[in-house]
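Containing compact mmCIF, C-alpha atoms and all ligand atoms: data33.txt.
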```
# COMPACT_ATOMS: atom_id res chain seq x y z
CA MET V 19 0.00 0.00 0.00
CA ILE V 20 1.36 3.38 -0.97
CA SER V 21 0.02 4.84 2.29
CA ASP V 22 2.50 2.61 4.14
CA PHE V 23 5.45 4.18 2.31
CA PRO V 24 7.33 6.64 4.51
CA SER V 25 7.53 10.33 3.62
CA PRO V 26 10.18 11.51 3.15
CA VAL V 27 11.69 8.49 1.44
CA ILE V 28 15.10 8.16 -0.19
CA PHE V 29 15.47 5.78 -3.14
CA ALA V 30 19.08 4.76 -3.76
CA HIS V 31 19.18 5.25 -7.54
CA ARG V 32 20.51 2.07 -9.19
CA GLY V 33 21.63 1.25 -5.64
CA ALA V 34 24.30 3.33 -3.90
CA SER V 35 25.63 4.05 -7.37
CA ALA V 36 27.93 6.89 -6.33
CA TYR V 37 30.03 4.30 -4.49
CA ALA V 38 29.46 0.94 -6.21
CA PRO V 39 28.69 -0.19 -9.77
CA GLU V 40 25.08 0.72 -10.60
CA ASN V 41 22.40 -1.97 -10.66
CA THR V 42 24.54 -4.67 -9.01
CA LEU V 43 23.99 -6.57 -5.78
CA ALA V 44 27.03 -4.74 -4.36
CA ALA V 45 25.30 -1.39 -4.95
CA PHE V 46 22.01 -2.60 -3.45
CA GLU V 47 23.64 -4.12 -0.38
CA LEU V 48 25.69 -0.98 0.18
CA ALA V 49 22.52 1.16 -0.04
CA VAL V 50 20.97 -0.96 2.71
CA LYS V 51 24.13 -0.67 4.80
CA GLN V 52 24.15 3.12 4.35
CA GLY V 53 20.60 3.31 5.68
CA ALA V 54 18.57 3.94 2.52
CA PRO V 55 14.95 2.92 3.12
CA ALA V 56 14.42 2.18 -0.59
CA ILE V 57 16.30 1.31 -3.77
CA GLU V 58 15.55 1.96 -7.45
CA PHE V 59 16.66 -0.26 -10.31
CA ASP V 60 16.01 -0.91 -14.02
CA VAL V 61 14.59 -4.20 -15.28
CA LYS V 62 14.75 -5.74 -18.75
CA LEU V 63 14.18 -9.13 -20.38
CA THR V 64 16.87 -11.32 -21.87
CA CYS V 65 16.07 -13.09 -25.15
CA ASP V 66 15.24 -16.21 -23.10
CA ARG V 67 12.77 -14.25 -20.93
CA GLN V 68 14.80 -13.89 -17.74
CA VAL V 69 14.27 -10.63 -15.84
CA ILE V 70 17.61 -8.92 -15.26
CA ILE V 71 18.78 -5.58 -13.86
CA ILE V 72 20.64 -3.20 -16.15
CA HIS V 73 20.06 0.43 -17.14
CA ASP V 74 21.27 0.90 -20.70
CA GLN V 75 19.78 -0.81 -23.75
CA THR V 76 23.33 -1.88 -24.63
CA LEU V 77 26.00 -3.68 -22.64
CA ASP V 78 28.91 -1.45 -23.58
CA ARG V 79 29.02 1.17 -20.82
CA THR V 80 28.57 -0.96 -17.67
CA THR V 81 29.93 -4.37 -18.69
CA ASN V 82 32.79 -5.85 -20.68
CA GLY V 83 30.27 -7.03 -23.29
CA THR V 84 28.90 -5.27 -26.36
CA GLY V 85 25.60 -5.00 -28.20
CA GLN V 86 21.91 -4.97 -27.38
CA VAL V 87 20.95 -6.46 -24.00
CA VAL V 88 17.73 -8.03 -25.32
CA LYS V 89 19.56 -10.03 -28.00
CA HIS V 90 21.48 -12.12 -25.44
CA PRO V 91 20.45 -15.17 -23.39
CA PHE V 92 20.92 -14.98 -19.65
CA ALA V 93 23.78 -17.52 -19.60
CA ALA V 94 25.86 -15.31 -21.89
CA LEU V 95 25.11 -12.15 -19.91
CA ARG V 96 26.05 -13.91 -16.71
CA GLU V 97 29.60 -14.40 -18.00
CA LEU V 98 30.12 -10.63 -18.20
CA ASP V 99 31.78 -8.44 -15.61
CA ALA V 100 29.46 -5.62 -14.46
CA GLY V 101 31.72 -4.15 -11.80
CA VAL V 102 35.22 -3.52 -13.05
CA TRP V 103 34.21 -0.48 -15.18
CA LYS V 104 33.54 1.31 -11.88
CA SER V 105 36.72 0.17 -10.13
CA ALA V 106 38.98 -2.87 -9.80
CA GLU V 107 37.58 -3.43 -6.31
CA PHE V 108 34.31 -4.55 -7.90
CA ARG V 109 35.78 -6.97 -10.45
CA GLY V 110 33.55 -10.03 -10.72
CA GLU V 111 30.20 -8.30 -10.01
CA LYS V 112 27.53 -9.78 -12.23
CA ILE V 113 24.36 -8.53 -13.89
CA PRO V 114 21.76 -9.63 -11.31
CA LEU V 115 18.46 -11.38 -11.82
CA LEU V 116 15.40 -9.67 -10.33
CA GLU V 117 14.92 -12.73 -8.14
CA GLU V 118 18.38 -12.29 -6.64
CA VAL V 119 17.46 -8.76 -5.58
CA PHE V 120 14.31 -10.10 -3.92
CA GLU V 121 16.35 -12.79 -2.15
CA THR V 122 19.16 -10.52 -0.91
CA VAL V 123 17.70 -7.11 0.00
CA GLY V 124 14.04 -7.52 -0.93
CA ARG V 125 12.78 -7.80 2.63
CA LYS V 126 14.97 -4.98 3.95
CA VAL V 127 13.99 -2.02 1.76
CA LEU V 128 11.26 -0.78 -0.54
CA LEU V 129 11.87 -1.53 -4.21
CA ASN V 130 11.17 0.90 -7.06
CA ILE V 131 11.14 -1.35 -10.11
CA GLU V 132 11.55 0.77 -13.24
CA LEU V 133 10.16 -1.07 -16.27
CA THR V 134 12.76 -0.12 -18.89
CA ASN V 135 11.86 -2.15 -21.98
CA TYR V 136 11.93 1.15 -23.86
CA ALA V 137 13.51 -0.50 -26.93
CA THR V 138 11.04 -3.43 -26.95
CA PRO V 139 7.80 -2.05 -25.43
CA PHE V 140 5.67 -4.98 -26.60
CA ASP V 141 7.75 -7.70 -24.99
CA ALA V 142 6.66 -9.81 -21.98
CA LEU V 143 8.58 -7.84 -19.35
CA VAL V 144 5.60 -6.70 -17.29
CA PRO V 145 3.85 -10.10 -16.91
CA GLU V 146 7.20 -11.77 -16.16
CA VAL V 147 8.02 -9.22 -13.44
CA ALA V 148 4.50 -9.50 -12.01
CA ALA V 149 4.80 -13.30 -11.85
CA LEU V 150 8.08 -13.05 -9.91
CA ILE V 151 6.62 -10.53 -7.47
CA LYS V 152 3.71 -12.90 -6.80
CA LYS V 153 6.02 -15.91 -6.49
CA HIS V 154 8.06 -14.10 -3.82
CA ASN V 155 4.94 -12.56 -2.26
CA ILE V 156 6.70 -9.22 -2.12
CA GLN V 157 3.86 -6.96 -3.32
CA GLN V 158 3.97 -4.80 -0.19
CA GLN V 159 7.59 -3.75 -0.81
CA VAL V 160 7.23 -2.67 -4.42
CA ILE V 161 6.36 0.40 -6.47
CA PHE V 162 6.49 0.29 -10.28
CA SER V 163 7.72 3.19 -12.40
CA SER V 164 8.20 3.79 -16.11
CA PHE V 165 8.39 6.58 -18.67
CA TYR V 166 5.90 4.54 -20.78
CA PHE V 167 2.32 4.63 -19.62
CA SER V 168 1.71 1.41 -21.60
CA ASN V 169 3.95 -0.34 -19.06
CA LEU V 170 2.04 1.08 -16.11
CA LEU V 171 -1.29 0.13 -17.64
CA ALA V 172 0.05 -3.41 -18.08
CA ALA V 173 1.28 -3.38 -14.48
CA GLN V 174 -2.16 -2.30 -13.31
CA ARG V 175 -3.74 -5.18 -15.23
CA ASN V 176 -1.26 -7.76 -13.94
CA LEU V 177 -0.83 -6.62 -10.35
CA PRO V 178 -3.34 -3.90 -9.45
CA GLU V 179 -2.40 -3.79 -5.76
CA VAL V 180 1.18 -2.64 -6.47
CA PRO V 181 1.41 1.18 -6.70
CA ARG V 182 2.51 2.92 -9.87
CA GLY V 183 4.47 6.12 -10.49
CA LEU V 184 4.75 7.70 -13.94
CA LEU V 185 8.21 9.07 -14.75
CA PHE V 186 8.11 12.41 -16.58
CA GLU V 187 10.65 13.57 -19.10
CA THR V 188 11.63 17.15 -18.54
CA GLY V 189 9.96 20.17 -20.14
CA ILE V 190 8.12 20.02 -23.46
CA ASP V 191 9.00 16.36 -23.99
CA ALA V 192 6.53 15.44 -21.24
CA TRP V 193 3.36 17.03 -22.67
CA HIS V 194 1.88 13.67 -23.72
CA GLN V 195 2.71 12.15 -20.35
CA LYS V 196 1.07 15.05 -18.51
CA LEU V 197 -2.06 14.60 -20.58
CA ALA V 198 -2.17 10.82 -20.11
CA SER V 199 -1.46 11.02 -16.40
CA ARG V 200 -4.74 12.91 -15.87
CA PHE V 201 -6.68 9.84 -16.93
CA MET V 202 -4.47 7.20 -15.36
CA ASN V 203 -4.82 5.45 -12.05
CA LEU V 204 -1.49 6.43 -10.49
CA GLN V 205 -0.34 6.63 -6.90
CA ALA V 206 2.75 8.74 -7.61
CA GLU V 207 4.30 11.09 -10.14
CA HIS V 208 8.05 11.08 -10.73
CA PRO V 209 9.07 14.46 -12.21
CA TYR V 210 12.59 15.65 -13.05
CA THR V 211 14.25 17.74 -10.37
CA THR V 212 14.31 21.10 -12.18
CA ASP V 213 10.59 20.85 -12.99
CA VAL V 214 9.56 20.63 -9.32
CA THR V 215 8.05 23.62 -7.51
CA SER V 216 5.81 23.87 -4.42
CA GLN V 217 2.90 24.49 -6.82
CA LEU V 218 3.61 21.27 -8.69
CA VAL V 219 3.78 19.32 -5.42
CA GLN V 220 0.50 20.84 -4.22
CA ARG V 221 -1.19 20.00 -7.52
CA VAL V 222 -0.03 16.38 -7.39
CA HIS V 223 -0.95 16.03 -3.72
CA ALA V 224 -4.42 17.40 -4.49
CA ALA V 225 -4.80 14.45 -6.88
CA LYS V 226 -3.89 12.16 -3.93
CA ARG V 227 -0.58 11.19 -5.49
CA ARG V 228 2.92 11.27 -4.06
CA VAL V 229 5.84 13.14 -5.63
CA HIS V 230 9.15 11.27 -6.09
CA VAL V 231 11.81 13.34 -7.86
CA TRP V 232 14.67 12.10 -10.08
CA THR V 233 17.69 12.25 -9.92
CA VAL V 234 18.96 14.45 -7.12
CA ASN V 235 22.63 14.49 -6.16
CA ASP V 236 23.12 18.08 -5.05
CA PRO V 237 22.54 18.79 -1.32
CA GLN V 238 21.03 22.22 -2.03
CA ASP V 239 18.52 20.64 -4.44
CA MET V 240 17.70 18.02 -1.80
CA ARG V 241 16.87 20.72 0.76
CA ARG V 242 14.89 22.76 -1.76
CA LEU V 243 12.80 19.76 -2.81
CA ARG V 244 12.05 18.84 0.79
CA ALA V 245 10.96 22.42 1.45
CA CYS V 246 8.65 22.13 -1.59
CA GLY V 247 7.02 19.10 0.07
CA ALA V 248 8.35 16.35 -2.22
CA ASP V 249 7.75 12.93 -0.70
CA GLY V 250 10.84 11.27 -2.08
CA ILE V 251 13.96 11.57 -4.18
CA PHE V 252 16.07 9.23 -6.26
CA THR V 253 19.74 9.75 -5.52
CA ASP V 254 23.05 8.08 -6.29
CA ASP V 255 24.28 9.11 -2.84
CA PRO V 256 22.07 7.91 0.01
CA LEU V 257 24.49 9.22 2.66
CA LEU V 258 24.17 12.77 1.33
CA ALA V 259 20.40 12.43 1.09
CA ILE V 260 20.00 11.17 4.64
CA GLU V 261 21.66 14.42 5.77
CA ASN V 262 19.83 16.78 3.43
CA PHE V 263 16.42 15.36 2.55
CA LYS V 264 14.68 15.02 5.88
O1 LIG V 301 13.56 6.43 -11.53
C1 LIG V 301 14.36 7.54 -11.68
C2 LIG V 301 15.38 7.37 -12.78
O2 LIG V 301 15.95 6.11 -12.64
C3 LIG V 301 14.82 7.51 -14.17
O3 LIG V 301 15.79 7.60 -15.13
O4 LIG V 301 17.39 6.82 -16.80
O5 LIG V 301 18.05 6.83 -14.40
O6 LIG V 301 16.42 5.15 -15.24
P1 LIG V 301 16.97 6.56 -15.39
MG MG V 302 15.95 4.07 -13.49
```

Target format structure tokens, applied to this file:
Amino acid sequence: MISDFPSPVIFAHRGASAYAPENTLAAFELAVKQGAPAIEFDVKLTCDRQVIIIHDQTLDRTTNGTGQVVKHPFAALRELDAGVWKSAEFRGEKIPLLEEVFETVGRKVLLNIELTNYATPFDALVPEVAALIKKHNIQQQVIFSSFYFSNLLAAQRNLPEVPRGLLFETGIDAWHQKLASRFMNLQAEHPYTTDVTSQLVQRVHAAKRRVHVWTVNDPQDMRRLRACGADGIFTDDPLLAIENFK
């Protein structure tokens, strides 16, 4: 239930990604250790329908592989190193499965699962994620987010009890999202940091929705957003946020 989510809440963005390689178990476990009450991560499907955690559509930036994520089977992706690009200390970190996140930190923090099949929006990501959430009976810990309202509509169909937050692009790019969001059953809106004002927060609260802002790494911004009444932020640096967004 969204009403059980704390306010303010800090989502460690891709885990404690300022300190550890984003979207790895190391980053999620560090976020828990640093005291973040919630983590955010990006899910995608492999070509053999496994749900994995990785941000980019390609492997090149955060692993020693190359090419489109969705073209690879899980076994091949599992061979890759997803840590050494950040620092040698993290050599050997792997691309995690969603289930591994549930099993390691899933009971310790809230989980913002961003549905990021932006390159393959008609794939089976949403039903596969919903099935895993049900299997692990972890509905109470989860909020879905996505820039695509089609994903959130699918999430609502598959798992109506799990709250949904629409991510907004910044500025003019978000006009279609703003329009659609009026007619959608959402429990949260996730605007970009520079778009957030007290007026925006009041408007969203009046619609009985929470405001979770991405991605906030500057302490002054954190304090400003809290003063505006934002309920949560996504940040790479949970330690900084614990000091400044309270
Ligand atoms: O959920 C906030 C943020 O993660 C959205 O953008 O590209 O970092 O997934 P991105
Ligand atoms: Mg994300």

Fill in: Point (23.1, -7.4, -25.2), cut-off 8 Å, counting all atoms listed in the file, residues as a VMD selection string
chain V and resid 75 to 77 83 to 90 95

Practice prompt. In the coordinate frame of the file, compute which residues have an atom within 6 Å of (21.8, 16.5, 1.3) when using all atoms listed in the file, and state them as a list in words.
Written response: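 Applying the cut-off with all atoms listed in the file, one gets Pro237, Met240, Leu258, Ala259, Glu261, Asn262 and Phe263 of chain V.
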
Discussion item. Show me which residues are within 10 Å of ligand LIG 301 (chain V) counting only C-alpha atoms and all ligand atoms, and format the list as a PyMOL selection string.
Written reply: chain V and resi 29-32+57-61+72-74+130-134+162-165+183-187+208-210+230-234+251-254

Worksheet item: What is the CA of Ala56 (chain V) to CA of Asp239 (chain V) distance in Å?
Response: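 Pair CA of Ala56 (chain V) / CA of Asp239 (chain V) returns 19.3 Å.
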
Discussion item. Taking 6 positions as the minimum chain separation for residues in the same chain, which residues sit within 10 Å of Leu218 (chain V) when counting all atoms listed in the file? Answer as a list in words.
Written reply: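 Residues near the query, excluding close chain neighbours: Pro209, Ala224, Val229, Cys246, Gly247 and Ala248 of chain V.
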
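Of note, CA of Pro114 (chain V) and CA of Pro145 (chain V) are spaced 18.8 Å apart.
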
Worksheet entry | Residue among V:Ile20, V:Ala142, V:Leu129, V:Ala245 lying closest to ligand MG 302 (chain V), counting all atoms listed in the file |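 Closest to ligand MG 302 (chain V), using all atoms listed in the file: V:Leu129.
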
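Minimum atom-to-atom distance to Leu43 (chain V), evaluated using all atoms listed in the file, belongs to V:Ile71 out of V:Ile71, V:Leu204, V:Ala192, V:Val147.
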
Fill in: Of the listed residues V:Ala93, V:Val180, V:Tyr136, V:His154, that which approaches ligand MG 302 (chain V) most closely, counting all atoms listed in the file
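Among V:Ala93, V:Val180, V:Tyr136, V:His154, it is V:Tyr136 that comes nearest to ligand MG 302 (chain V).
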
Practice prompt. Can you work out the spacing between CA of Pro55 (chain V) and CA of Leu115 (chain V) in Å, to one decimal?
Written response: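 Computing it gives 21.0 Å between the two atoms.
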
Item to complete: Compare V:Asn135, V:Asn235, V:Ser25, V:Gln52 by their minimum atom-to-atom distance to ligand MG 302 (chain V), counting all atoms listed in the file, and give me the closest one.
Response: V:Asn135

Item to complete: May I ask which of the residues V:Lys62, V:Lys104, V:Arg125, V:Arg227 is the closest one to Leu143 (chain V), counting all atoms listed in the file?
Response: V:Lys62

Discussion item. When you count only C-alpha atoms and all ligand atoms, which of these residues is closest to ligand MG 302 (chain V): V:Asp22, V:Glu40, V:Glu107, V:Asp213?
Written reply: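 For ligand MG 302 (chain V), the nearest of the candidates is V:Glu40.
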
Enclose the full set of atoms of region 61-77 of chain V listed in the file within a box whose edges lie along x, y and z, apply 8 Å of padding to each of the six sides, and report centre and edge lengths in Å to one decimal as lines of an AutoDock Vina configuration file.
```
center_x = 19.4
center_y = -7.7
center_z = -19.5
size_x = 29.2
size_y = 33.1
size_z = 27.3
```

Practice prompt. Write out as number ranges by chain which residues come within 9 Å of Val102 (chain V) when counting all atoms listed in the file, dropping same-chain ones fewer than 4 positions away.
Written response: V: 39, 80-82, 106-111

Copy region 96-129 of chain V out of the block into a file, keeping N, CA, C and O atoms, as a short mmCIF file (atom, residue, chain, number, x, y, z; two decimals), in the first residue's frame.
```cif
data_model
loop_
_atom_site.label_atom_id
_atom_site.label_comp_id
_atom_site.auth_asym_id
_atom_site.auth_seq_id
_atom_site.Cartn_x
_atom_site.Cartn_y
_atom_site.Cartn_z
N ARG V 96 25.52 -13.58 -18.03
CA ARG V 96 26.05 -13.91 -16.71
C ARG V 96 27.58 -14.04 -16.71
O ARG V 96 28.23 -13.96 -15.69
N GLU V 97 28.14 -14.29 -17.88
CA GLU V 97 29.60 -14.40 -18.00
C GLU V 97 30.29 -13.04 -17.89
O GLU V 97 31.48 -12.96 -17.64
N LEU V 98 29.51 -11.97 -18.10
CA LEU V 98 30.12 -10.63 -18.20
C LEU V 98 30.46 -10.07 -16.82
O LEU V 98 29.85 -10.42 -15.82
N ASP V 99 31.42 -9.16 -16.83
CA ASP V 99 31.78 -8.44 -15.61
C ASP V 99 31.03 -7.10 -15.61
O ASP V 99 31.15 -6.31 -16.54
N ALA V 100 30.26 -6.85 -14.54
CA ALA V 100 29.46 -5.62 -14.46
C ALA V 100 29.97 -4.68 -13.38
O ALA V 100 29.29 -3.74 -12.98
N GLY V 101 31.19 -4.94 -12.91
CA GLY V 101 31.72 -4.15 -11.80
C GLY V 101 33.02 -3.43 -12.09
O GLY V 101 33.24 -2.32 -11.60
N VAL V 102 33.85 -4.03 -12.92
CA VAL V 102 35.22 -3.52 -13.05
C VAL V 102 35.25 -2.14 -13.73
O VAL V 102 36.17 -1.35 -13.49
N TRP V 103 34.24 -1.81 -14.54
CA TRP V 103 34.21 -0.48 -15.18
C TRP V 103 34.20 0.62 -14.12
O TRP V 103 34.69 1.71 -14.35
N LYS V 104 33.63 0.30 -12.96
CA LYS V 104 33.54 1.31 -11.88
C LYS V 104 34.87 1.40 -11.14
O LYS V 104 35.41 2.47 -10.95
N SER V 105 35.37 0.22 -10.70
CA SER V 105 36.72 0.17 -10.13
C SER V 105 37.13 -1.29 -9.96
O SER V 105 36.28 -2.18 -9.88
N ALA V 106 38.44 -1.50 -9.87
CA ALA V 106 38.98 -2.87 -9.80
C ALA V 106 38.44 -3.62 -8.58
O ALA V 106 38.29 -4.84 -8.61
N GLU V 107 38.12 -2.86 -7.54
CA GLU V 107 37.58 -3.43 -6.31
C GLU V 107 36.30 -4.25 -6.57
O GLU V 107 35.98 -5.17 -5.82
N PHE V 108 35.59 -3.89 -7.63
CA PHE V 108 34.31 -4.55 -7.90
C PHE V 108 34.39 -5.58 -9.04
O PHE V 108 33.37 -6.01 -9.55
N ARG V 109 35.62 -5.95 -9.40
CA ARG V 109 35.78 -6.97 -10.45
C ARG V 109 34.99 -8.22 -10.06
O ARG V 109 35.03 -8.62 -8.89
N GLY V 110 34.28 -8.79 -11.01
CA GLY V 110 33.55 -10.03 -10.72
C GLY V 110 32.08 -9.82 -10.39
O GLY V 110 31.32 -10.78 -10.31
N GLU V 111 31.66 -8.55 -10.21
CA GLU V 111 30.20 -8.30 -10.01
C GLU V 111 29.47 -8.72 -11.28
O GLU V 111 29.97 -8.51 -12.38
N LYS V 112 28.29 -9.27 -11.09
CA LYS V 112 27.53 -9.78 -12.23
C LYS V 112 26.27 -8.95 -12.46
O LYS V 112 25.78 -8.29 -11.54
N ILE V 113 25.70 -9.07 -13.65
CA ILE V 113 24.36 -8.53 -13.89
C ILE V 113 23.39 -9.39 -13.07
O ILE V 113 23.33 -10.59 -13.27
N PRO V 114 22.63 -8.78 -12.14
CA PRO V 114 21.76 -9.63 -11.31
C PRO V 114 20.43 -9.95 -11.97
O PRO V 114 19.94 -9.23 -12.84
N LEU V 115 19.85 -11.05 -11.52
CA LEU V 115 18.46 -11.38 -11.82
C LEU V 115 17.58 -10.63 -10.84
O LEU V 115 17.96 -10.41 -9.68
N LEU V 116 16.35 -10.30 -11.27
CA LEU V 116 15.40 -9.67 -10.33
C LEU V 116 15.21 -10.54 -9.09
O LEU V 116 15.16 -10.04 -7.97
N GLU V 117 15.13 -11.84 -9.29
CA GLU V 117 14.92 -12.73 -8.14
C GLU V 117 16.04 -12.64 -7.12
O GLU V 117 15.80 -12.79 -5.92
N GLU V 118 17.25 -12.41 -7.58
CA GLU V 118 18.38 -12.29 -6.64
C GLU V 118 18.25 -11.03 -5.79
O GLU V 118 18.66 -11.00 -4.63
N VAL V 119 17.69 -9.98 -6.37
CA VAL V 119 17.46 -8.76 -5.58
C VAL V 119 16.40 -9.05 -4.51
O VAL V 119 16.56 -8.68 -3.34
N PHE V 120 15.33 -9.74 -4.90
CA PHE V 120 14.31 -10.10 -3.92
C PHE V 120 14.93 -10.91 -2.79
O PHE V 120 14.63 -10.71 -1.62
N GLU V 121 15.79 -11.87 -3.15
CA GLU V 121 16.35 -12.79 -2.15
C GLU V 121 17.38 -12.12 -1.24
O GLU V 121 17.53 -12.52 -0.09
N THR V 122 18.10 -11.12 -1.73
CA THR V 122 19.16 -10.52 -0.91
C THR V 122 18.63 -9.34 -0.07
O THR V 122 18.67 -9.38 1.15
N VAL V 123 18.10 -8.32 -0.75
CA VAL V 123 17.70 -7.11 0.00
C VAL V 123 16.19 -6.88 -0.01
O VAL V 123 15.70 -5.93 0.59
N GLY V 124 15.47 -7.76 -0.68
CA GLY V 124 14.04 -7.52 -0.93
C GLY V 124 13.19 -7.34 0.31
O GLY V 124 12.16 -6.66 0.26
N ARG V 125 13.59 -7.93 1.40
CA ARG V 125 12.78 -7.80 2.63
C ARG V 125 13.28 -6.65 3.51
O ARG V 125 12.71 -6.37 4.55
N LYS V 126 14.35 -6.01 3.09
CA LYS V 126 14.97 -4.98 3.95
C LYS V 126 14.63 -3.56 3.54
O LYS V 126 14.77 -2.64 4.34
N VAL V 127 14.27 -3.37 2.28
CA VAL V 127 13.99 -2.02 1.76
C VAL V 127 12.80 -2.07 0.81
O VAL V 127 12.41 -3.13 0.34
N LEU V 128 12.26 -0.87 0.51
CA LEU V 128 11.26 -0.78 -0.54
C LEU V 128 11.97 -0.83 -1.90
O LEU V 128 13.14 -0.43 -2.00
N LEU V 129 11.25 -1.32 -2.90
CA LEU V 129 11.87 -1.53 -4.21
C LEU V 129 11.11 -0.76 -5.28
O LEU V 129 9.93 -1.04 -5.53
#
```
